[in-house]
$ cat upload.cif   # mmCIF, C-alpha atoms
data_work
#
loop_
_atom_site.label_atom_id
_atom_site.label_comp_id
_atom_site.auth_asym_id
_atom_site.auth_seq_id
_atom_site.Cartn_x
_atom_site.Cartn_y
_atom_site.Cartn_z
CA MET P 1 60.85 -24.56 56.99
CA THR P 2 59.49 -25.07 53.48
CA GLN P 3 55.78 -24.70 52.69
CA ARG P 4 54.21 -27.83 51.23
CA THR P 5 52.15 -27.38 48.09
CA GLU P 6 51.55 -31.03 47.17
CA GLY P 7 47.82 -31.84 46.95
CA ARG P 8 46.83 -28.17 46.57
CA ARG P 9 46.24 -26.01 43.48
CA THR P 10 47.69 -22.61 43.13
CA PRO P 11 45.32 -19.79 41.95
CA ALA P 12 46.85 -19.98 38.49
CA ARG P 13 46.22 -23.72 38.25
CA ARG P 14 42.63 -23.29 39.48
CA ARG P 15 41.94 -20.66 36.81
CA ALA P 16 43.40 -22.92 34.13
CA ALA P 17 41.22 -25.79 35.28
CA ARG P 18 38.06 -23.67 35.18
CA THR P 19 38.92 -22.46 31.67
CA SER P 20 39.49 -26.03 30.51
CA ARG P 21 36.10 -27.13 31.90
CA ARG P 22 34.32 -24.25 30.15
CA LEU P 23 35.96 -25.09 26.84
CA ARG P 24 35.03 -28.76 27.17
CA GLY P 25 31.44 -27.81 28.04
CA ALA P 26 31.15 -25.46 25.06
CA ALA P 27 32.54 -28.09 22.73
CA ALA P 28 30.10 -30.67 24.03
CA GLY P 29 27.19 -28.24 23.63
CA ALA P 30 28.18 -27.42 20.07
CA ALA P 31 28.48 -31.09 19.23
CA ALA P 32 25.00 -31.72 20.65
CA LEU P 33 23.52 -28.90 18.59
CA LEU P 34 25.14 -30.22 15.45
CA THR P 35 23.78 -33.68 16.17
CA VAL P 36 20.24 -32.35 16.69
CA ALA P 37 20.44 -30.19 13.56
CA ALA P 38 21.67 -33.09 11.48
CA PHE P 39 18.60 -35.13 12.32
CA SER P 40 16.06 -32.31 12.56
CA PRO P 41 13.41 -32.33 9.80
CA THR P 42 13.68 -28.54 9.59
CA ALA P 43 17.46 -28.42 9.50
CA HIS P 44 17.60 -28.01 5.75
CA ALA P 45 15.63 -25.16 4.16
CA VAL P 46 13.11 -26.45 1.67
CA PRO P 47 13.58 -24.63 -1.64
CA GLU P 48 10.61 -22.70 -2.99
CA PRO P 49 8.73 -24.51 -5.76
CA LYS P 50 9.34 -23.20 -9.28
CA ALA P 51 6.91 -22.88 -12.13
CA PRO P 52 6.79 -25.65 -14.74
CA GLY P 53 8.37 -24.79 -18.08
CA GLU P 54 4.97 -24.03 -19.58
CA PHE P 55 4.70 -20.84 -17.48
CA VAL P 56 6.10 -17.45 -18.55
CA ALA P 57 6.18 -13.88 -17.34
CA LEU P 58 3.72 -11.94 -19.49
CA ARG P 59 6.30 -9.16 -20.00
CA THR P 60 8.50 -11.56 -21.95
CA VAL P 61 5.63 -12.22 -24.39
CA ASP P 62 4.07 -8.76 -24.57
CA PRO P 63 5.66 -5.89 -22.61
CA SER P 64 3.05 -3.43 -23.89
CA ILE P 65 0.25 -4.87 -21.73
CA ILE P 66 -0.19 -2.69 -18.65
CA GLN P 67 0.26 -4.44 -15.32
CA GLU P 68 -1.31 -3.15 -12.11
CA MET P 69 -0.91 -6.14 -9.84
CA ARG P 70 -3.24 -5.43 -6.96
CA TYR P 71 -2.50 -8.27 -4.55
CA ILE P 72 1.05 -7.18 -3.84
CA THR P 73 -0.40 -3.89 -2.54
CA PRO P 74 -2.75 -3.06 0.36
CA HIS P 75 -5.42 -1.92 -2.12
CA ASP P 76 -7.45 -5.11 -2.24
CA PHE P 77 -10.47 -6.46 -0.39
CA VAL P 78 -8.26 -7.82 2.41
CA GLY P 79 -6.43 -4.53 2.93
CA GLU P 80 -2.89 -5.91 2.91
CA PRO P 81 -0.43 -7.59 0.53
CA ILE P 82 -1.38 -11.21 -0.07
CA ASP P 83 0.79 -14.25 0.70
CA GLY P 84 2.83 -15.51 -2.22
CA TYR P 85 3.07 -12.24 -4.15
CA ARG P 86 6.77 -11.31 -4.10
CA GLN P 87 6.94 -9.00 -7.14
CA PRO P 88 4.37 -7.06 -9.22
CA LEU P 89 4.42 -9.60 -12.01
CA CYS P 90 1.87 -11.32 -14.23
CA ILE P 91 2.70 -15.00 -14.73
CA LEU P 92 0.63 -17.19 -17.06
CA THR P 93 0.83 -20.38 -19.04
CA ARG P 94 2.44 -19.65 -22.39
CA PRO P 95 -0.72 -20.33 -24.46
CA ALA P 96 -2.70 -17.86 -22.33
CA ALA P 97 0.05 -15.23 -22.57
CA GLU P 98 0.29 -15.61 -26.34
CA ALA P 99 -3.50 -15.32 -26.69
CA LEU P 100 -3.38 -12.08 -24.66
CA HIS P 101 -0.67 -10.84 -27.00
CA ARG P 102 -2.94 -11.44 -30.00
CA ALA P 103 -5.79 -9.58 -28.30
CA GLN P 104 -3.47 -6.72 -27.39
CA SER P 105 -2.27 -6.38 -30.99
CA LYS P 106 -5.84 -5.79 -32.12
CA LEU P 107 -6.59 -3.34 -29.30
CA LEU P 108 -3.49 -1.26 -29.92
CA ARG P 109 -4.63 -0.61 -33.49
CA GLN P 110 -7.86 0.79 -32.04
CA GLY P 111 -6.16 3.02 -29.47
CA TYR P 112 -6.61 0.79 -26.43
CA SER P 113 -4.51 -1.47 -24.21
CA LEU P 114 -5.21 -4.37 -21.93
CA LYS P 115 -4.42 -3.95 -18.24
CA VAL P 116 -4.08 -6.97 -15.93
CA TYR P 117 -4.88 -6.84 -12.21
CA ASP P 118 -4.09 -10.47 -11.40
CA CYS P 119 -2.88 -13.55 -13.27
CA TYR P 120 -1.49 -16.77 -11.81
CA ARG P 121 -2.35 -16.90 -8.09
CA PRO P 122 -0.52 -19.31 -5.76
CA GLN P 123 -2.58 -21.58 -3.53
CA ARG P 124 -1.08 -19.89 -0.46
CA ALA P 125 -2.75 -16.66 -1.61
CA VAL P 126 -6.10 -18.43 -1.88
CA ASP P 127 -5.53 -19.78 1.64
CA HIS P 128 -4.90 -16.19 2.79
CA PHE P 129 -8.27 -15.16 1.34
CA VAL P 130 -9.98 -18.04 3.13
CA ARG P 131 -8.42 -17.14 6.51
CA TRP P 132 -9.48 -13.53 6.04
CA ALA P 133 -13.04 -14.47 5.09
CA LYS P 134 -13.39 -16.51 8.30
CA ASP P 135 -12.27 -13.55 10.41
CA LEU P 136 -15.60 -11.73 10.57
CA ALA P 137 -14.14 -8.94 12.70
CA ASP P 138 -11.82 -7.73 9.93
CA GLU P 139 -13.91 -5.46 7.72
CA ARG P 140 -11.40 -2.69 7.08
CA MET P 141 -12.08 -2.66 3.29
CA LYS P 142 -15.82 -3.37 3.39
CA ALA P 143 -16.84 0.17 2.47
CA GLU P 144 -15.18 -0.18 -0.94
CA PHE P 145 -15.25 -3.82 -1.97
CA TYR P 146 -18.35 -5.39 -0.37
CA PRO P 147 -20.53 -2.63 1.14
CA ARG P 148 -23.81 -4.49 0.49
CA VAL P 149 -22.63 -8.01 1.33
CA ASP P 150 -22.50 -9.44 4.85
CA LYS P 151 -19.02 -10.88 5.31
CA SER P 152 -20.48 -14.07 6.77
CA ARG P 153 -22.03 -14.70 3.31
CA LEU P 154 -18.81 -14.54 1.25
CA PHE P 155 -18.47 -18.33 0.94
CA ALA P 156 -22.17 -19.03 0.44
CA ASP P 157 -22.48 -16.31 -2.20
CA GLY P 158 -19.44 -17.58 -4.10
CA TYR P 159 -17.12 -14.60 -3.61
CA ILE P 160 -14.50 -16.67 -1.74
CA ALA P 161 -13.63 -20.34 -2.30
CA GLU P 162 -10.88 -22.71 -1.16
CA LYS P 163 -9.73 -23.28 -4.74
CA SER P 164 -9.28 -20.81 -7.59
CA GLY P 165 -8.92 -21.20 -11.33
CA HIS P 166 -6.14 -18.60 -11.10
CA SER P 167 -3.91 -21.22 -9.45
CA ARG P 168 -3.95 -23.27 -12.67
CA GLY P 169 -2.21 -20.46 -14.55
CA SER P 170 -4.58 -19.69 -17.44
CA THR P 171 -7.00 -17.35 -15.67
CA MET P 172 -6.55 -13.59 -15.32
CA ASP P 173 -8.37 -10.49 -14.17
CA LEU P 174 -8.12 -7.59 -16.60
CA THR P 175 -9.67 -4.51 -18.15
CA ILE P 176 -9.20 -2.07 -21.03
CA VAL P 177 -7.42 1.30 -20.90
CA LYS P 178 -7.81 4.10 -23.44
CA LEU P 179 -4.42 5.26 -24.73
CA PRO P 180 -2.43 7.22 -23.82
CA ALA P 181 -2.73 5.65 -20.36
CA LEU P 182 -2.87 8.07 -17.48
CA PRO P 183 -1.08 7.01 -14.27
CA THR P 184 -3.24 5.63 -11.44
CA ARG P 185 -2.55 7.36 -8.15
CA PRO P 186 -1.46 5.08 -5.31
CA TYR P 187 -3.75 3.93 -2.55
CA HIS P 188 -2.85 5.06 0.97
CA PRO P 189 -4.09 2.81 3.81
CA GLY P 190 -6.61 4.62 5.95
CA GLN P 191 -7.91 6.90 3.23
CA ARG P 192 -11.66 7.27 2.82
CA LEU P 193 -13.21 4.38 0.92
CA VAL P 194 -15.98 4.74 -1.68
CA PRO P 195 -18.26 1.88 -2.82
CA CYS P 196 -16.91 0.03 -5.84
CA TYR P 197 -20.22 0.56 -7.68
CA ALA P 198 -20.28 4.34 -7.19
CA PRO P 199 -20.05 6.55 -10.30
CA LYS P 200 -16.58 6.43 -11.82
CA SER P 201 -15.88 10.04 -10.85
CA GLN P 202 -16.39 9.13 -7.18
CA ARG P 203 -14.85 5.69 -6.70
CA PHE P 204 -11.14 4.99 -6.40
CA PRO P 205 -9.48 6.32 -9.58
CA ASP P 206 -8.50 3.78 -12.21
CA ASN P 207 -7.22 4.55 -15.70
CA SER P 208 -9.51 1.83 -17.05
CA VAL P 209 -12.48 2.73 -19.20
CA ASP P 210 -15.71 2.85 -17.18
CA MET P 211 -16.92 -0.70 -16.61
CA GLY P 212 -19.70 0.25 -14.19
CA THR P 213 -17.86 -1.06 -11.11
CA GLY P 214 -14.30 -1.26 -9.95
CA PHE P 215 -12.22 -4.44 -9.99
CA ASP P 216 -13.05 -7.05 -7.32
CA CYS P 217 -16.41 -5.51 -6.57
CA PHE P 218 -18.38 -8.06 -4.53
CA ASP P 219 -21.77 -7.06 -5.88
CA THR P 220 -24.22 -8.35 -8.46
CA LEU P 221 -23.60 -5.17 -10.47
CA ALA P 222 -20.25 -6.73 -11.37
CA HIS P 223 -22.02 -9.54 -13.26
CA THR P 224 -20.97 -9.10 -16.87
CA ASP P 225 -24.49 -8.91 -18.27
CA ASP P 226 -26.33 -7.36 -15.31
CA PRO P 227 -29.29 -5.57 -16.95
CA ARG P 228 -28.87 -2.50 -14.73
CA VAL P 229 -25.52 -1.76 -16.42
CA ARG P 230 -26.32 0.12 -19.61
CA GLY P 231 -24.94 2.56 -22.13
CA VAL P 232 -21.21 3.09 -22.42
CA GLN P 233 -20.46 0.88 -19.39
CA ARG P 234 -22.22 -2.09 -20.98
CA ALA P 235 -20.54 -1.35 -24.31
CA HIS P 236 -17.11 -1.43 -22.64
CA ARG P 237 -17.82 -4.78 -21.01
CA GLN P 238 -18.96 -6.26 -24.28
CA PHE P 239 -15.95 -4.82 -26.09
CA LEU P 240 -13.59 -6.54 -23.62
CA LYS P 241 -15.56 -9.78 -23.81
CA ARG P 242 -15.69 -9.89 -27.63
CA THR P 243 -12.00 -9.09 -27.94
CA LEU P 244 -10.95 -11.88 -25.61
CA GLU P 245 -13.48 -14.47 -26.76
CA ALA P 246 -12.07 -14.12 -30.28
CA GLN P 247 -8.75 -15.42 -28.90
CA GLY P 248 -10.13 -18.39 -26.96
CA PHE P 249 -11.00 -16.85 -23.59
CA VAL P 250 -14.15 -17.60 -21.60
CA ASN P 251 -15.64 -15.02 -19.25
CA LEU P 252 -16.91 -15.82 -15.75
CA PRO P 253 -20.45 -14.35 -15.85
CA GLU P 254 -20.27 -13.13 -12.24
CA GLU P 255 -17.16 -10.99 -12.84
CA TRP P 256 -16.74 -8.79 -15.89
CA TRP P 257 -12.92 -8.79 -15.39
CA HIS P 258 -12.39 -12.57 -15.05
CA PHE P 259 -11.33 -14.64 -18.10
CA THR P 260 -9.85 -18.11 -18.62
CA TYR P 261 -7.98 -19.27 -21.70
CA GLN P 262 -9.19 -22.63 -23.00
CA PRO P 263 -8.13 -25.32 -23.39
CA GLU P 264 -6.13 -25.01 -20.18
CA PRO P 265 -2.75 -26.78 -20.13
CA PHE P 266 -3.33 -27.64 -16.44
CA PRO P 267 -7.11 -28.03 -16.00
CA SER P 268 -6.94 -29.77 -12.62
CA THR P 269 -3.67 -28.65 -10.97
CA SER P 270 -3.39 -25.89 -8.38
CA PHE P 271 0.17 -24.59 -8.17
CA ASP P 272 1.83 -22.86 -5.22
CA PHE P 273 5.08 -21.36 -6.51
CA PRO P 274 5.44 -17.67 -5.53
CA VAL P 275 4.79 -14.81 -7.94
CA SER P 276 8.35 -13.74 -8.70
CA TRP P 277 10.86 -13.62 -11.54
CA ARG P 278 12.79 -16.42 -9.83
CA SER P 279 9.82 -18.76 -10.29
CA VAL P 280 10.03 -18.48 -14.09
CA ALA P 281 13.77 -17.89 -14.45
CA GLY P 282 15.08 -19.49 -17.61
CA HIS P 283 11.65 -19.98 -19.21
#

$ encode --input "upload.cif" --output "structure tokens"
Amino acid sequence: MTQRTEGRRTPARRRAARTSRRLRGAAAGAAALLTVAAFSPTAHAVPEPKAPGEFVALRTVDPSIIQEMRYITPHDFVGEPIDGYRQPLCILTRPAAEALHRAQSKLLRQGYSLKVYDCYRPQRAVDHFVRWAKDLADERMKAEFYPRVDKSRLFADGYIAEKSGHSRGSTMDLTIVKLPALPTRPYHPGQRLVPCYAPKSQRFPDNSVDMGTGFDCFDTLAHTDDPRVRGVQRAHRQFLKRTLEAQGFVNLPEEWWHFTYQPEPFPSTSFDFPVSWRSVAGH
């Protein structure tokens, strides 16, 4: 008697059927994902904005100016690298960079060099500062940068704002260094912090001449013409101010290190391209 197999599937046929169903299911799933991706607003990566042609890397205009770009390091008032800083690079509008070059040429003949701490600052970095300022629990760098200021007062006292002249590309923070320039030792997170207005021999080492306070010191002693700053410290501040004013820069009275070249090419535009060589490639 023969065994009937009509209407039944052998084990081999059942396995083949299961494999076929899995393949069809995977294909359908892949097709669905492709369809969703095609219509998803985030499917295509948005390219980073680039700097307008009027912006340049300072090194391409004057490589002799020392650059110690603080906001790509954890040694700043926030205590961490700041959003938008991809490389330790000073970017400026070309007129501002060329004016710095003229100032540097005069300083070099006198045995000094400019040193920049910050130049163009993307809006995303300013937004980072604002978020930090609203987080009153984060005071990890208070002992150095704002020991006498209550963090809740940073907006009211003008130390933090939602817009910055740096984002327009013609503002920079800088100082003067006596040549030959000694290296500045690196900051190590967690090390003991000293107030930014302490005597130069005590505060965080900087190869700058003594300006009376460190950079980014949130204190009235950082005001350029504060009457309590006297002697060689006052003379250094005035030396920096005179040198830059002769080339078209204007000092912010509340910060001895803060200067803006005028007239600004972009007096009312805040840019947000990142600080990187890619942003100014080809300029």

$ closest_residue --input "upload.cif" --among "P:Ser208, P:Ser279, P:Thr243, P:Thr184" --to "Leu107 (chain P)" --atoms "only C-alpha atoms"
P:Thr243

$ residues_around --input "upload.cif" --residues "Ile176 (chain P)" --least-positions-apart "6" --cutoff "12 Å" --atoms "all atoms listed in the file" --output "VMD selection string"
chain P and resid 65 to 68 103 to 104 107 to 108 110 to 117 206 to 211 215 233 235 to 241 243 to 244 256 to 257

$ residues_around --input "upload.cif" --residues "Arg228 (chain P)" --least-positions-apart "5" --cutoff "12 Å" --atoms "all atoms listed in the file" --output "VMD selection string"
chain P and resid 197 212 to 213 220 to 223 233 to 234

$ resolve_selection --input "upload.cif" --expression "the PyMOL selection byres ((chain P and resi 79-83) around 12)" --output "PDB file with C-alpha atoms, in the frame of the given file"
ATOM      1  CA  MET P  69      -0.910  -6.140  -9.840  1.00  0.00           C
ATOM      2  CA  ARG P  70      -3.240  -5.430  -6.960  1.00  0.00           C
ATOM      3  CA  TYR P  71      -2.500  -8.270  -4.550  1.00  0.00           C
ATOM      4  CA  ILE P  72       1.050  -7.180  -3.840  1.00  0.00           C
ATOM      5  CA  THR P  73      -0.400  -3.890  -2.540  1.00  0.00           C
ATOM      6  CA  PRO P  74      -2.750  -3.060   0.360  1.00  0.00           C
ATOM      7  CA  HIS P  75      -5.420  -1.920  -2.120  1.00  0.00           C
ATOM      8  CA  ASP P  76      -7.450  -5.110  -2.240  1.00  0.00           C
ATOM      9  CA  PHE P  77     -10.470  -6.460  -0.390  1.00  0.00           C
ATOM     10  CA  VAL P  78      -8.260  -7.820   2.410  1.00  0.00           C
ATOM     11  CA  GLY P  84       2.830 -15.510  -2.220  1.00  0.00           C
ATOM     12  CA  TYR P  85       3.070 -12.240  -4.150  1.00  0.00           C
ATOM     13  CA  ARG P  86       6.770 -11.310  -4.100  1.00  0.00           C
ATOM     14  CA  GLN P  87       6.940  -9.000  -7.140  1.00  0.00           C
ATOM     15  CA  PRO P  88       4.370  -7.060  -9.220  1.00  0.00           C
ATOM     16  CA  ASP P 118      -4.090 -10.470 -11.400  1.00  0.00           C
ATOM     17  CA  ARG P 121      -2.350 -16.900  -8.090  1.00  0.00           C
ATOM     18  CA  PRO P 122      -0.520 -19.310  -5.760  1.00  0.00           C
ATOM     19  CA  GLN P 123      -2.580 -21.580  -3.530  1.00  0.00           C
ATOM     20  CA  ARG P 124      -1.080 -19.890  -0.460  1.00  0.00           C
ATOM     21  CA  ALA P 125      -2.750 -16.660  -1.610  1.00  0.00           C
ATOM     22  CA  VAL P 126      -6.100 -18.430  -1.880  1.00  0.00           C
ATOM     23  CA  ASP P 127      -5.530 -19.780   1.640  1.00  0.00           C
ATOM     24  CA  HIS P 128      -4.900 -16.190   2.790  1.00  0.00           C
ATOM     25  CA  PHE P 129      -8.270 -15.160   1.340  1.00  0.00           C
ATOM     26  CA  VAL P 130      -9.980 -18.040   3.130  1.00  0.00           C
ATOM     27  CA  ARG P 131      -8.420 -17.140   6.510  1.00  0.00           C
ATOM     28  CA  TRP P 132      -9.480 -13.530   6.040  1.00  0.00           C
ATOM     29  CA  ASP P 138     -11.820  -7.730   9.930  1.00  0.00           C
ATOM     30  CA  GLU P 139     -13.910  -5.460   7.720  1.00  0.00           C
ATOM     31  CA  ARG P 140     -11.400  -2.690   7.080  1.00  0.00           C
ATOM     32  CA  MET P 141     -12.080  -2.660   3.290  1.00  0.00           C
ATOM     33  CA  LYS P 142     -15.820  -3.370   3.390  1.00  0.00           C
ATOM     34  CA  ALA P 143     -16.840   0.170   2.470  1.00  0.00           C
ATOM     35  CA  GLU P 144     -15.180  -0.180  -0.940  1.00  0.00           C
ATOM     36  CA  PHE P 145     -15.250  -3.820  -1.970  1.00  0.00           C
ATOM     37  CA  TYR P 187      -3.750   3.930  -2.550  1.00  0.00           C
ATOM     38  CA  HIS P 188      -2.850   5.060   0.970  1.00  0.00           C
ATOM     39  CA  PRO P 189      -4.090   2.810   3.810  1.00  0.00           C
ATOM     40  CA  GLY P 190      -6.610   4.620   5.950  1.00  0.00           C
ATOM     41  CA  GLN P 191      -7.910   6.900   3.230  1.00  0.00           C
ATOM     42  CA  LEU P 193     -13.210   4.380   0.920  1.00  0.00           C
ATOM     43  CA  ASP P 272       1.830 -22.860  -5.220  1.00  0.00           C
ATOM     44  CA  PHE P 273       5.080 -21.360  -6.510  1.00  0.00           C
ATOM     45  CA  PRO P 274       5.440 -17.670  -5.530  1.00  0.00           C
ATOM     46  CA  VAL P 275       4.790 -14.810  -7.940  1.00  0.00           C
TER      47      VAL P 275
END

$ closest_residue --input "upload.cif" --among "P:Lys151, P:His101, P:Arg185, P:Lys178" --to "Asp135 (chain P)" --atoms "only C-alpha atoms"
P:Lys151

$ atom_distance --input "upload.cif" --atom1 "CA of Cys90 (chain P)" --atom2 "CA of Pro47 (chain P)"
21.7 Å

$ atom_distance --input "upload.cif" --atom1 "CA of Gly231 (chain P)" --atom2 "CA of Ser64 (chain P)"
28.7 Å

$ residues_around --input "upload.cif" --residues "region 266-270 of chain P" --least-positions-apart "5" --cutoff "8 Å" --atoms "only C-alpha atoms" --output "NGL selection string"
:P and (122-123 or 163-165 or 167-169)

$ resolve_selection --input "upload.cif" --expression "the PyMOL selection byres ((chain P and resi 150) around 12)" --output "PyMOL selection string"
chain P and resi 133+136-139+142-143+145-149+151-157+159+218-219
